[in-house]
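Structure file start_23.pdb (PDB, C-alpha atoms) follows.
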```
MODEL        1
ATOM      1  CA  MET R   1      -4.038  -2.387 -15.170
ATOM      2  CA  HIS R   2      -6.789  -4.779 -14.168
ATOM      3  CA  ARG R   3     -10.119  -3.301 -13.152
ATOM      4  CA  THR R   4     -10.083  -5.455 -10.044
ATOM      5  CA  PRO R   5     -13.284  -7.094  -8.802
ATOM      6  CA  ILE R   6     -15.307  -6.546  -5.623
ATOM      7  CA  MET R   7     -15.538  -9.456  -3.190
ATOM      8  CA  THR R   8     -18.006  -9.929  -0.331
ATOM      9  CA  CYS R   9     -18.074 -12.472   2.503
ATOM     10  CA  GLU R  10     -20.866 -12.861   5.059
ATOM     11  CA  ALA R  11     -18.528 -14.495   7.586
ATOM     12  CA  LEU R  12     -16.224 -11.454   7.568
ATOM     13  CA  ASP R  13     -19.257  -9.147   7.715
ATOM     14  CA  ARG R  14     -20.267 -10.787  11.001
ATOM     15  CA  LEU R  15     -16.778 -10.378  12.445
ATOM     16  CA  ALA R  16     -16.671  -6.658  11.594
ATOM     17  CA  GLY R  17     -20.321  -5.857  12.280
ATOM     18  CA  ALA R  18     -20.713  -4.190   8.893
ATOM     19  CA  ARG R  19     -21.408  -4.941   5.229
ATOM     20  CA  LEU R  20     -17.941  -5.167   3.708
ATOM     21  CA  PHE R  21     -17.035  -4.690   0.045
ATOM     22  CA  PHE R  22     -13.446  -5.693  -0.646
ATOM     23  CA  LYS R  23     -11.611  -4.049  -3.563
ATOM     24  CA  CYS R  24      -9.326  -6.902  -4.607
ATOM     25  CA  GLU R  25      -6.048  -5.223  -5.428
ATOM     26  CA  ASN R  26      -4.435  -8.529  -4.442
ATOM     27  CA  LEU R  27      -5.505  -9.532  -7.973
ATOM     28  CA  GLN R  28      -3.851  -6.500  -9.583
ATOM     29  CA  LYS R  29      -0.877  -6.718 -11.955
ATOM     30  CA  ALA R  30       2.213  -7.689  -9.925
ATOM     31  CA  GLY R  31      -0.117  -8.613  -7.079
ATOM     32  CA  ALA R  32      -0.746  -5.187  -5.523
ATOM     33  CA  PHE R  33      -2.189  -1.686  -5.959
ATOM     34  CA  LYS R  34       1.373  -0.415  -6.378
ATOM     35  CA  SER R  35       1.193  -1.157 -10.104
ATOM     36  CA  ARG R  36      -1.238   1.757 -10.502
ATOM     37  CA  GLY R  37       1.168   4.396  -9.192
ATOM     38  CA  ALA R  38       4.211   2.866 -10.872
ATOM     39  CA  CYS R  39       2.479   2.726 -14.242
ATOM     40  CA  ASN R  40       1.258   6.320 -14.003
ATOM     41  CA  ALA R  41       4.711   7.574 -12.987
ATOM     42  CA  VAL R  42       6.780   5.618 -15.528
ATOM     43  CA  PHE R  43       4.565   6.404 -18.502
ATOM     44  CA  SER R  44       4.480  10.092 -17.483
ATOM     45  CA  LEU R  45       8.235  10.385 -18.073
ATOM     46  CA  SER R  46       9.566  12.041 -21.205
ATOM     47  CA  GLU R  47      11.817  10.004 -23.481
ATOM     48  CA  LYS R  48      14.827  11.933 -22.199
ATOM     49  CA  GLN R  49      13.914  11.251 -18.564
ATOM     50  CA  ALA R  50      13.272   7.578 -19.197
ATOM     51  CA  ARG R  51      16.374   6.850 -21.260
ATOM     52  CA  ARG R  52      18.633   5.960 -18.298
ATOM     53  CA  GLY R  53      15.937   3.978 -16.552
ATOM     54  CA  VAL R  54      14.133   4.360 -13.262
ATOM     55  CA  LEU R  55      15.141   3.823  -9.646
ATOM     56  CA  THR R  56      13.369   3.294  -6.345
ATOM     57  CA  HIS R  57      13.750   1.941  -2.825
ATOM     58  CA  SER R  58      10.980  -0.320  -1.588
ATOM     59  CA  SER R  59      10.241  -3.220   0.744
ATOM     60  CA  GLY R  60       8.688  -5.114  -2.106
ATOM     61  CA  ASN R  61       5.426  -4.354  -3.891
ATOM     62  CA  HIS R  62       6.434  -0.995  -5.378
ATOM     63  CA  ALA R  63       9.756  -2.546  -6.346
ATOM     64  CA  ALA R  64       8.082  -5.329  -8.309
ATOM     65  CA  ALA R  65       5.541  -2.946  -9.832
ATOM     66  CA  LEU R  66       8.245  -0.530 -10.993
ATOM     67  CA  ALA R  67      10.362  -3.353 -12.441
ATOM     68  CA  ARG R  68       7.355  -4.668 -14.343
ATOM     69  CA  THR R  69       6.337  -1.246 -15.665
ATOM     70  CA  ALA R  70       9.920  -0.412 -16.715
ATOM     71  CA  ARG R  71      10.013  -3.652 -18.675
ATOM     72  CA  LEU R  72       6.765  -2.657 -20.409
ATOM     73  CA  ARG R  73       8.366   0.627 -21.452
ATOM     74  CA  GLY R  74      11.651  -1.056 -22.374
ATOM     75  CA  ILE R  75      13.896   0.776 -19.911
ATOM     76  CA  PRO R  76      16.116  -0.408 -17.003
ATOM     77  CA  ALA R  77      14.815  -0.568 -13.427
ATOM     78  CA  HIS R  78      17.226  -0.194 -10.485
ATOM     79  CA  ILE R  79      15.699  -1.427  -7.239
ATOM     80  CA  VAL R  80      16.992  -0.937  -3.671
ATOM     81  CA  MET R  81      15.374  -3.302  -1.155
ATOM     82  CA  PRO R  82      15.919  -3.941   2.582
ATOM     83  CA  GLN R  83      17.734  -7.212   3.125
ATOM     84  CA  ASN R  84      14.878  -8.486   5.317
ATOM     85  CA  SER R  85      12.307  -8.120   2.513
ATOM     86  CA  ARG R  86      10.063 -11.113   1.901
ATOM     87  CA  ARG R  87      11.647 -13.680  -0.429
ATOM     88  CA  VAL R  88       8.536 -13.728  -2.623
ATOM     89  CA  LYS R  89       8.963  -9.975  -3.260
ATOM     90  CA  ILE R  90      12.687 -10.204  -3.985
ATOM     91  CA  ASP R  91      11.983 -13.024  -6.434
ATOM     92  CA  ALA R  92       9.266 -10.934  -8.112
ATOM     93  CA  VAL R  93      11.678  -8.047  -8.770
ATOM     94  CA  ARG R  94      14.182 -10.421 -10.319
ATOM     95  CA  SER R  95      11.490 -12.106 -12.430
ATOM     96  CA  TYR R  96      10.592  -8.719 -13.954
ATOM     97  CA  GLY R  97      14.234  -8.037 -14.807
ATOM     98  CA  GLY R  98      14.962  -5.430 -12.140
ATOM     99  CA  SER R  99      18.577  -4.744 -11.136
ATOM    100  CA  LEU R 100      18.528  -5.413  -7.382
ATOM    101  CA  THR R 101      20.641  -3.866  -4.577
ATOM    102  CA  LEU R 102      20.028  -4.960  -0.966
ATOM    103  CA  CYS R 103      20.560  -2.632   2.009
ATOM    104  CA  GLU R 104      20.090  -2.439   5.776
ATOM    105  CA  PRO R 105      16.410  -2.459   6.855
ATOM    106  CA  THR R 106      16.235   1.222   7.832
ATOM    107  CA  LEU R 107      14.910   4.231   5.959
ATOM    108  CA  PRO R 108      18.242   6.128   6.115
ATOM    109  CA  SER R 109      20.003   3.110   4.604
ATOM    110  CA  ARG R 110      17.418   2.785   1.862
ATOM    111  CA  GLU R 111      17.715   6.465   0.970
ATOM    112  CA  SER R 112      21.527   6.608   1.038
ATOM    113  CA  THR R 113      21.839   3.436  -1.053
ATOM    114  CA  ALA R 114      19.357   4.801  -3.581
ATOM    115  CA  ARG R 115      21.357   8.041  -3.848
ATOM    116  CA  ARG R 116      24.514   6.057  -4.557
ATOM    117  CA  VAL R 117      22.828   3.977  -7.258
ATOM    118  CA  GLN R 118      21.380   7.124  -8.817
ATOM    119  CA  GLU R 119      24.828   8.732  -8.963
ATOM    120  CA  GLU R 120      26.177   5.621 -10.678
ATOM    121  CA  THR R 121      23.346   5.185 -13.199
ATOM    122  CA  GLY R 122      21.670   8.568 -13.738
ATOM    123  CA  ALA R 123      18.284   6.831 -13.394
ATOM    124  CA  THR R 124      15.119   8.827 -12.633
ATOM    125  CA  PHE R 125      14.005   8.284  -9.043
ATOM    126  CA  ILE R 126      10.377   7.210  -8.548
ATOM    127  CA  HIS R 127       9.523   7.451  -4.862
ATOM    128  CA  PRO R 128       7.336   4.574  -3.625
ATOM    129  CA  TYR R 129       4.718   6.942  -2.218
ATOM    130  CA  ASP R 130       5.876  10.584  -1.923
ATOM    131  CA  ASP R 131       5.351  11.459  -5.590
ATOM    132  CA  ALA R 132       2.280  13.210  -7.013
ATOM    133  CA  ARG R 133       2.185  10.881 -10.027
ATOM    134  CA  VAL R 134       2.276   7.834  -7.762
ATOM    135  CA  ILE R 135      -0.406   9.236  -5.429
ATOM    136  CA  ALA R 136      -2.680   9.961  -8.396
ATOM    137  CA  GLY R 137      -2.196   6.462  -9.759
ATOM    138  CA  GLN R 138      -2.989   4.831  -6.412
ATOM    139  CA  GLY R 139      -6.169   6.887  -6.141
ATOM    140  CA  THR R 140      -7.649   5.116  -9.164
ATOM    141  CA  ALA R 141      -8.393   2.081  -6.943
ATOM    142  CA  ALA R 142     -10.810   4.214  -4.912
ATOM    143  CA  VAL R 143     -12.270   5.732  -8.089
ATOM    144  CA  GLU R 144     -13.077   2.247  -9.387
ATOM    145  CA  LEU R 145     -14.422   1.099  -6.012
ATOM    146  CA  LEU R 146     -16.828   4.039  -5.794
ATOM    147  CA  GLU R 147     -17.955   3.412  -9.375
ATOM    148  CA  GLN R 148     -18.544  -0.276  -8.609
ATOM    149  CA  VAL R 149     -20.239   0.313  -5.217
ATOM    150  CA  PRO R 150     -21.485   3.932  -5.314
ATOM    151  CA  ASP R 151     -23.486   3.903  -2.046
ATOM    152  CA  LEU R 152     -20.694   3.243   0.438
ATOM    153  CA  ASP R 153     -20.880   4.910   3.855
ATOM    154  CA  VAL R 154     -17.249   4.333   4.823
ATOM    155  CA  LEU R 155     -13.992   3.546   3.036
ATOM    156  CA  ILE R 156     -10.896   2.146   4.761
ATOM    157  CA  ALA R 157      -7.353   1.671   3.474
ATOM    158  CA  PRO R 158      -4.048   0.654   5.066
ATOM    159  CA  VAL R 159      -1.378   3.294   5.630
ATOM    160  CA  GLY R 160       2.399   2.936   5.513
ATOM    161  CA  GLY R 161       4.068   5.668   3.486
ATOM    162  CA  GLY R 162       0.636   7.080   2.683
ATOM    163  CA  GLY R 163       0.518   6.966  -1.119
ATOM    164  CA  LEU R 164      -2.551   4.727  -1.278
ATOM    165  CA  LEU R 165      -4.308   6.527   1.558
ATOM    166  CA  SER R 166      -3.572   9.986   0.094
ATOM    167  CA  GLY R 167      -4.867   8.990  -3.331
ATOM    168  CA  THR R 168      -7.891   7.345  -1.727
ATOM    169  CA  LEU R 169      -8.693  10.446   0.327
ATOM    170  CA  ILE R 170      -8.416  12.826  -2.633
ATOM    171  CA  ALA R 171     -10.551  10.610  -4.879
ATOM    172  CA  ALA R 172     -13.186   9.682  -2.302
ATOM    173  CA  LYS R 173     -13.679  13.162  -0.838
ATOM    174  CA  GLN R 174     -14.044  14.604  -4.351
ATOM    175  CA  MET R 175     -16.456  11.936  -5.619
ATOM    176  CA  ARG R 176     -18.427  11.533  -2.371
ATOM    177  CA  PRO R 177     -17.876  14.540  -0.074
ATOM    178  CA  GLY R 178     -19.881  12.995   2.768
ATOM    179  CA  ILE R 179     -18.071   9.664   2.906
ATOM    180  CA  ARG R 180     -15.975   8.736   5.955
ATOM    181  CA  VAL R 181     -12.464   7.625   5.067
ATOM    182  CA  LEU R 182     -10.568   5.669   7.705
ATOM    183  CA  ALA R 183      -6.963   4.495   7.797
ATOM    184  CA  ALA R 184      -5.627   1.330   9.397
ATOM    185  CA  GLU R 185      -2.089   1.000  10.719
ATOM    186  CA  PRO R 186      -0.078  -1.581  12.706
ATOM    187  CA  LYS R 187       0.567  -0.681  16.345
ATOM    188  CA  LEU R 188       4.253  -1.465  15.783
ATOM    189  CA  ALA R 189       4.470   1.170  13.009
ATOM    190  CA  ASP R 190       2.083   3.848  14.272
ATOM    191  CA  ASP R 191       3.718   7.042  12.975
ATOM    192  CA  ALA R 192       0.588   8.134  11.073
ATOM    193  CA  TYR R 193      -1.589   7.625  14.152
ATOM    194  CA  ARG R 194       0.787   9.582  16.409
ATOM    195  CA  GLY R 195       1.101  12.326  13.800
ATOM    196  CA  TRP R 196      -2.679  12.528  13.461
ATOM    197  CA  LYS R 197      -3.064  12.797  17.243
ATOM    198  CA  THR R 198      -0.353  15.452  17.717
ATOM    199  CA  GLY R 199      -0.394  17.290  14.396
ATOM    200  CA  ARG R 200       3.369  16.782  14.093
ATOM    201  CA  PHE R 201       5.343  14.581  11.717
ATOM    202  CA  VAL R 202       6.656  11.407  13.378
ATOM    203  CA  ALA R 203       9.311   9.188  11.792
ATOM    204  CA  VAL R 204       9.651   5.421  12.229
ATOM    205  CA  GLU R 205      13.288   4.389  12.009
ATOM    206  CA  ARG R 206      12.685   0.638  12.222
ATOM    207  CA  SER R 207       9.685  -1.639  12.709
ATOM    208  CA  ASP R 208       9.307  -5.410  12.871
ATOM    209  CA  THR R 209       5.571  -5.586  12.188
ATOM    210  CA  VAL R 210       4.441  -8.610  10.212
ATOM    211  CA  ALA R 211       2.780  -6.098   7.846
ATOM    212  CA  ASP R 212       6.083  -5.501   6.062
ATOM    213  CA  GLY R 213       4.573  -3.194   3.435
ATOM    214  CA  LEU R 214       3.570  -0.698   6.146
ATOM    215  CA  ARG R 215       6.908  -0.233   7.898
ATOM    216  CA  THR R 216       7.697   3.151   6.307
ATOM    217  CA  SER R 217       7.038   6.667   7.592
ATOM    218  CA  LEU R 218       4.731   9.172   5.934
ATOM    219  CA  GLY R 219       6.270  11.536   3.372
ATOM    220  CA  LYS R 220       6.356  15.298   2.901
ATOM    221  CA  LEU R 221       3.504  15.134   0.376
ATOM    222  CA  THR R 222       1.397  12.457   2.026
ATOM    223  CA  PHE R 223       1.550  13.746   5.615
ATOM    224  CA  PRO R 224      -0.394  17.014   5.067
ATOM    225  CA  ILE R 225      -2.945  15.341   2.769
ATOM    226  CA  ILE R 226      -3.713  12.704   5.379
ATOM    227  CA  MET R 227      -3.765  15.146   8.296
ATOM    228  CA  ASP R 228      -6.213  17.361   6.398
ATOM    229  CA  LEU R 229      -8.615  14.739   5.046
ATOM    230  CA  VAL R 230      -8.598  11.499   7.066
ATOM    231  CA  ASP R 231     -11.525  11.009   9.452
ATOM    232  CA  GLU R 232      -9.875   8.518  11.801
ATOM    233  CA  ILE R 233      -6.806   6.274  12.046
ATOM    234  CA  LEU R 234      -7.262   2.856  13.661
ATOM    235  CA  LEU R 235      -4.494   0.657  15.045
ATOM    236  CA  ALA R 236      -4.191  -3.120  14.780
ATOM    237  CA  SER R 237      -2.125  -5.448  16.980
ATOM    238  CA  GLU R 238       0.151  -8.092  15.508
ATOM    239  CA  ASP R 239      -2.138 -10.903  16.691
ATOM    240  CA  ALA R 240      -5.137  -9.221  15.072
ATOM    241  CA  ILE R 241      -3.264  -8.748  11.775
ATOM    242  CA  VAL R 242      -2.207 -12.390  11.644
ATOM    243  CA  ASP R 243      -5.732 -13.535  12.532
ATOM    244  CA  ALA R 244      -7.317 -11.279   9.885
ATOM    245  CA  THR R 245      -4.896 -12.616   7.265
ATOM    246  CA  ARG R 246      -5.889 -16.164   8.149
ATOM    247  CA  GLN R 247      -9.615 -15.366   8.343
ATOM    248  CA  THR R 248      -9.517 -13.832   4.855
ATOM    249  CA  LEU R 249      -7.720 -16.889   3.512
ATOM    250  CA  GLU R 250      -9.950 -19.432   5.215
ATOM    251  CA  ARG R 251     -13.360 -17.765   5.125
ATOM    252  CA  ALA R 252     -13.209 -15.644   1.981
ATOM    253  CA  LYS R 253     -10.891 -18.028   0.092
ATOM    254  CA  THR R 254      -8.829 -14.977  -0.858
ATOM    255  CA  VAL R 255      -5.030 -14.764  -0.627
ATOM    256  CA  VAL R 256      -3.811 -11.532   0.975
ATOM    257  CA  GLU R 257      -0.531 -10.510   2.542
ATOM    258  CA  PRO R 258      -0.575  -9.249   6.151
ATOM    259  CA  SER R 259      -0.393  -5.577   5.103
ATOM    260  CA  ALA R 260      -3.655  -5.999   3.173
ATOM    261  CA  ALA R 261      -5.352  -7.561   6.199
ATOM    262  CA  VAL R 262      -4.639  -4.594   8.487
ATOM    263  CA  PRO R 263      -7.928  -2.755   7.669
ATOM    264  CA  LEU R 264     -10.005  -5.844   8.498
ATOM    265  CA  ALA R 265      -7.948  -6.403  11.665
ATOM    266  CA  ALA R 266      -8.516  -2.793  12.739
ATOM    267  CA  LEU R 267     -12.263  -2.984  12.103
ATOM    268  CA  ILE R 268     -12.578  -6.181  14.149
ATOM    269  CA  GLU R 269     -10.284  -5.096  16.993
ATOM    270  CA  ASN R 270     -11.629  -1.549  17.476
ATOM    271  CA  ASP R 271     -15.091  -0.488  18.545
ATOM    272  CA  VAL R 272     -15.838   1.530  15.408
ATOM    273  CA  ARG R 273     -19.647   1.210  15.748
ATOM    274  CA  LEU R 274     -20.407   0.750  12.099
ATOM    275  CA  ASP R 275     -23.854  -0.726  12.849
ATOM    276  CA  GLY R 276     -24.303  -2.531   9.566
ATOM    277  CA  GLN R 277     -23.004   0.322   7.386
ATOM    278  CA  ARG R 278     -21.636  -0.352   3.900
ATOM    279  CA  VAL R 279     -17.836  -0.265   4.113
ATOM    280  CA  GLY R 280     -15.378  -0.367   1.228
ATOM    281  CA  VAL R 281     -12.111  -2.105   2.144
ATOM    282  CA  ILE R 282      -9.074  -1.888  -0.110
ATOM    283  CA  LEU R 283      -7.230  -5.225  -0.073
ATOM    284  CA  SER R 284      -3.899  -3.730  -0.997
ATOM    285  CA  GLY R 285      -1.913  -6.806  -2.043
ATOM    286  CA  GLY R 286      -1.654 -10.576  -2.230
ATOM    287  CA  ASN R 287       2.076 -11.262  -2.296
ATOM    288  CA  LEU R 288       2.031 -13.710   0.570
ATOM    289  CA  ASP R 289       5.180 -15.769   1.106
ATOM    290  CA  LEU R 290       3.806 -19.302   1.328
ATOM    291  CA  SER R 291       7.138 -20.634   2.602
ATOM    292  CA  ASP R 292       7.028 -18.291   5.613
ATOM    293  CA  LEU R 293       3.427 -17.933   6.751
ATOM    294  CA  PRO R 294       2.864 -15.761   9.848
ATOM    295  CA  TRP R 295       1.149 -18.583  11.750
TER     296      TRP R 295
ENDMDL
END
```
How does the structure come out when it is put into structure tokens?
Amino acid sequence: MHRTPIMTCEALDRLAGARLFFKCENLQKAGAFKSRGACNAVFSLSEKQARRGVLTHSSGNHAAALARTARLRGIPAHIVMPQNSRRVKIDAVRSYGGSLTLCEPTLPSRESTARRVQEETGATFIHPYDDARVIAGQGTAAVELLEQVPDLDVLIAPVGGGGLLSGTLIAAKQMRPGIRVLAAEPKLADDAYRGWKTGRFVAVERSDTVADGLRTSLGKLTFPIIMDLVDEILLASEDAIVDATRQTLERAKTVVEPSAAVPLAALIENDVRLDGQRVGVILSGGNLDLSDLPW
């Protein structure tokens, strides 16, 4: 893995009303934080487990990360992706040598297709977020961030399936018990927010948010971790997500995909009252499809 750098931008600070420190996981191997969890999971497998390869279902970044890591270990990677996944992410899986199967863009379809492929191949399933090895790997981004900027007041991460947020919460609350950890989520895929408000698990069957990496529901492992540890979940509209993506590109000269811009969008759109506090923001990925920009 890369030990990704910290980026700052005064123009974005003014928009958010806080001092922002961006953890640039858009510069990570395979272009996203997902490489951390995939690497930890794949290299945790015994030789017997790994022999028939690994399998996952993913909208993109975990798929590419798993394909890359499997290639590093010299084993096959079987990848199930929704047919509406971004072309740049489909191409990335193929470039890493992953065996690709497309399915309908719903969670039930992803899961049933993955079960069929597993029956055919005997591959070990690596869940994109609901796996303790994956959660632990994703948490290393927060560990590095708090080592690089130890005096943060707040930390914010995007939430889809919850692997990054769960790992971030566990790491941050252990290293800095007094730190506030916020989550940011698209309004069109707000299962985590509704679950946090009601205390009950909420599933998202289908979402068309531009933040395609955040269209999944929380998992059985990630839901209770997030409900127990998160301080607040903020929502971002589609217009705010697109604008934050563009602002990061234009003002910070940093390429991010819409999912990675959701925390900045949520900070700008909501009255969080940070009052100049020092805020760590995890830029989760940079796999932006330049042939299909959201503006």
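When only C-alpha atoms are used to measure the gap to Ile225 of chain R, the shortest distance among R:Arg3, R:Lys187, R:Lys173, R:Arg206 belongs to R:Lys173.
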**Message:** I need the output of the PyMOL selection byres ((chain R and resi 151) around 10) for this file as a list in words; which residues are they?
**Reply:** Leu146, Glu147, Gln148, Val149, Pro150, Leu152, Asp153, Val154, Arg176, Ile179, Arg278, Val279 and Gly280 of chain R
Atoms kept (C-alpha atoms) for selection, written as a short mmCIF file (atom, residue, chain, number, x, y, z; two decimals), in the frame of the given file:
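File produced: again15.cif:
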```cif
data_model
loop_
_atom_site.label_atom_id
_atom_site.label_comp_id
_atom_site.auth_asym_id
_atom_site.auth_seq_id
_atom_site.Cartn_x
_atom_site.Cartn_y
_atom_site.Cartn_z
CA LEU R 146 -16.83 4.04 -5.79
CA GLU R 147 -17.95 3.41 -9.38
CA GLN R 148 -18.54 -0.28 -8.61
CA VAL R 149 -20.24 0.31 -5.22
CA PRO R 150 -21.48 3.93 -5.31
CA LEU R 152 -20.69 3.24 0.44
CA ASP R 153 -20.88 4.91 3.86
CA VAL R 154 -17.25 4.33 4.82
CA ARG R 176 -18.43 11.53 -2.37
CA ILE R 179 -18.07 9.66 2.91
CA ARG R 278 -21.64 -0.35 3.90
CA VAL R 279 -17.84 -0.26 4.11
CA GLY R 280 -15.38 -0.37 1.23
#
```
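Distance annotation: of R:Asp91, R:Asp190, R:Glu257, R:Glu250, the residue with the minimal separation from Ala32 of chain R is R:Glu257; atom set is all atoms listed in the file.
With distances restricted to only C-alpha atoms, R:Lys29 is the closest residue to Thr69 of chain R from R:Lys29, R:Lys197, R:Lys220, R:Arg246.
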Find the spatial neighbours of Phe21 of chain R, counting only C-alpha atoms, within a cut-off of 6 Å - ignore same-chain residues fewer than 6 positions away - and output them as a CSV table (one decimal) with C-alpha atoms, in the coordinates of the input.
```
chain,number,residue,atom,x,y,z
R,7,MET,CA,-15.5,-9.5,-3.2
R,8,THR,CA,-18.0,-9.9,-0.3
R,280,GLY,CA,-15.4,-0.4,1.2
R,281,VAL,CA,-12.1,-2.1,2.1
```
How close does segment 29-97 of chain R get to segment 114-129 of chain R? List, as a tab-separated table, each residue of segment 29-97 of chain R within 10 Å, its nearest atom pair and the distance in Å to one decimal, counting only C-alpha atoms.
```
residue	atom	partner	partner_atom	distance
R:Lys34	CA	R:Pro128	CA	8.2
R:Gly37	CA	R:Tyr129	CA	8.2
R:Ala38	CA	R:Ile126	CA	7.9
R:Ala41	CA	R:Ile126	CA	7.2
R:Val42	CA	R:Ile126	CA	8.0
R:Leu45	CA	R:Thr124	CA	8.9
R:Gln49	CA	R:Thr124	CA	6.5
R:Ala50	CA	R:Thr124	CA	6.9
R:Arg51	CA	R:Ala123	CA	8.1
R:Arg52	CA	R:Ala123	CA	5.0
R:Gly53	CA	R:Ala123	CA	4.9
R:Val54	CA	R:Thr124	CA	4.6
R:Leu55	CA	R:Phe125	CA	4.6
R:Thr56	CA	R:Ile126	CA	5.4
R:His57	CA	R:Ala114	CA	6.3
R:Ser58	CA	R:Pro128	CA	6.4
R:Ser59	CA	R:Pro128	CA	9.4
R:Gly60	CA	R:Pro128	CA	9.9
R:Asn61	CA	R:Pro128	CA	9.1
R:His62	CA	R:Pro128	CA	5.9
R:Ala63	CA	R:Pro128	CA	8.0
R:Ala65	CA	R:Pro128	CA	9.9
R:Leu66	CA	R:Ile126	CA	8.4
R:Ile75	CA	R:Ala123	CA	9.9
R:Pro76	CA	R:Ala123	CA	8.4
R:Ala77	CA	R:Ala123	CA	8.2
R:His78	CA	R:Ala123	CA	7.7
R:Ile79	CA	R:Ala114	CA	8.1
R:Val80	CA	R:Ala114	CA	6.2
R:Met81	CA	R:Ala114	CA	9.3
```
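For the residues R:Ala192, R:Leu218, R:Leu283, R:Met175, ranking by smallest atom-to-atom distance to Gly163 of chain R using only C-alpha atoms places R:Leu218 first.
The residues that lie within 8 Å of the point (6.9, -9.5, -1.5), counting all atoms listed in the file, are Ser59, Gly60, Asn61, Ser85, Arg86, Arg87, Val88, Lys89, Ile90, Asp91, Ala92, Asn287, Leu288 and Asp289 of chain R.
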Box time for segment 256-269 of chain R: axis-aligned, enclosing all its listed atoms, 6 Å extra on each side; report centre and edge lengths in Å to one decimal, as JSON.
```
{"center_x": -6.5, "center_y": -7.1, "center_z": 9.0, "size_x": 24.2, "size_y": 20.8, "size_z": 28.0}
```
**Message:** Report as a PyMOL selection string all protein, DNA and RNA residues lying within 7 Å of Val93 of chain R, evaluated on all atoms listed in the file, omitting residues in the same chain fewer than 5 positions from it.
**Reply:** chain R and resi 63-64+67+98
Written selection (C-alpha atoms) as an mmCIF file, in the frame of the given file:
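As written to disk, result_32.cif reads:
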```cif
data_model
loop_
_atom_site.group_PDB
_atom_site.id
_atom_site.type_symbol
_atom_site.label_atom_id
_atom_site.label_comp_id
_atom_site.auth_asym_id
_atom_site.auth_seq_id
_atom_site.Cartn_x
_atom_site.Cartn_y
_atom_site.Cartn_z
ATOM 1 C CA ALA R 63 9.756 -2.546 -6.346
ATOM 2 C CA ALA R 64 8.082 -5.329 -8.309
ATOM 3 C CA ALA R 67 10.362 -3.353 -12.441
ATOM 4 C CA GLY R 98 14.962 -5.430 -12.140
#
```
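Restricting the calculation to all atoms listed in the file, the smallest distance between Arg180 of chain R and any of R:Ala70, R:Cys24, R:Val230, R:Leu274 is found for R:Val230.
The smallest atom-to-atom distance between Leu155 of chain R and any of R:Ser259, R:Thr254, R:Gln28, R:Gln277, using all atoms listed in the file, is found for R:Gln277.
Separating atom CA of Ile156 of chain R from atom CA of Val204 of chain R is a distance of 22.1 Å.
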Once the PyMOL selection byres ((chain R and resi 294) around 8) has been evaluated on this model, what residues remain selected, and can you format them as a CSV table (one decimal) with C-alpha atoms, in the frame of the given file?
```csv
chain,number,residue,atom,x,y,z
R,210,VAL,CA,4.4,-8.6,10.2
R,242,VAL,CA,-2.2,-12.4,11.6
R,292,ASP,CA,7.0,-18.3,5.6
R,293,LEU,CA,3.4,-17.9,6.8
R,295,TRP,CA,1.1,-18.6,11.8
```
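If you look at atom CA of Gly199 of chain R and atom CA of Asp239 of chain R, they are 28.3 Å away from each other.
Residue membership of the PyMOL selection byres ((chain R and resi 25) around 8) in the shown file amounts to Thr4, Lys23, Cys24, Asn26, Leu27, Gln28, Gly31, Ala32, Phe33, Ala141, Ile282, Leu283, Ser284, Gly285 and Gly286 of chain R.
When atom CA of Glu111 of chain R is paired with atom CA of Ser95 of chain R, their separation reads 23.7 Å.
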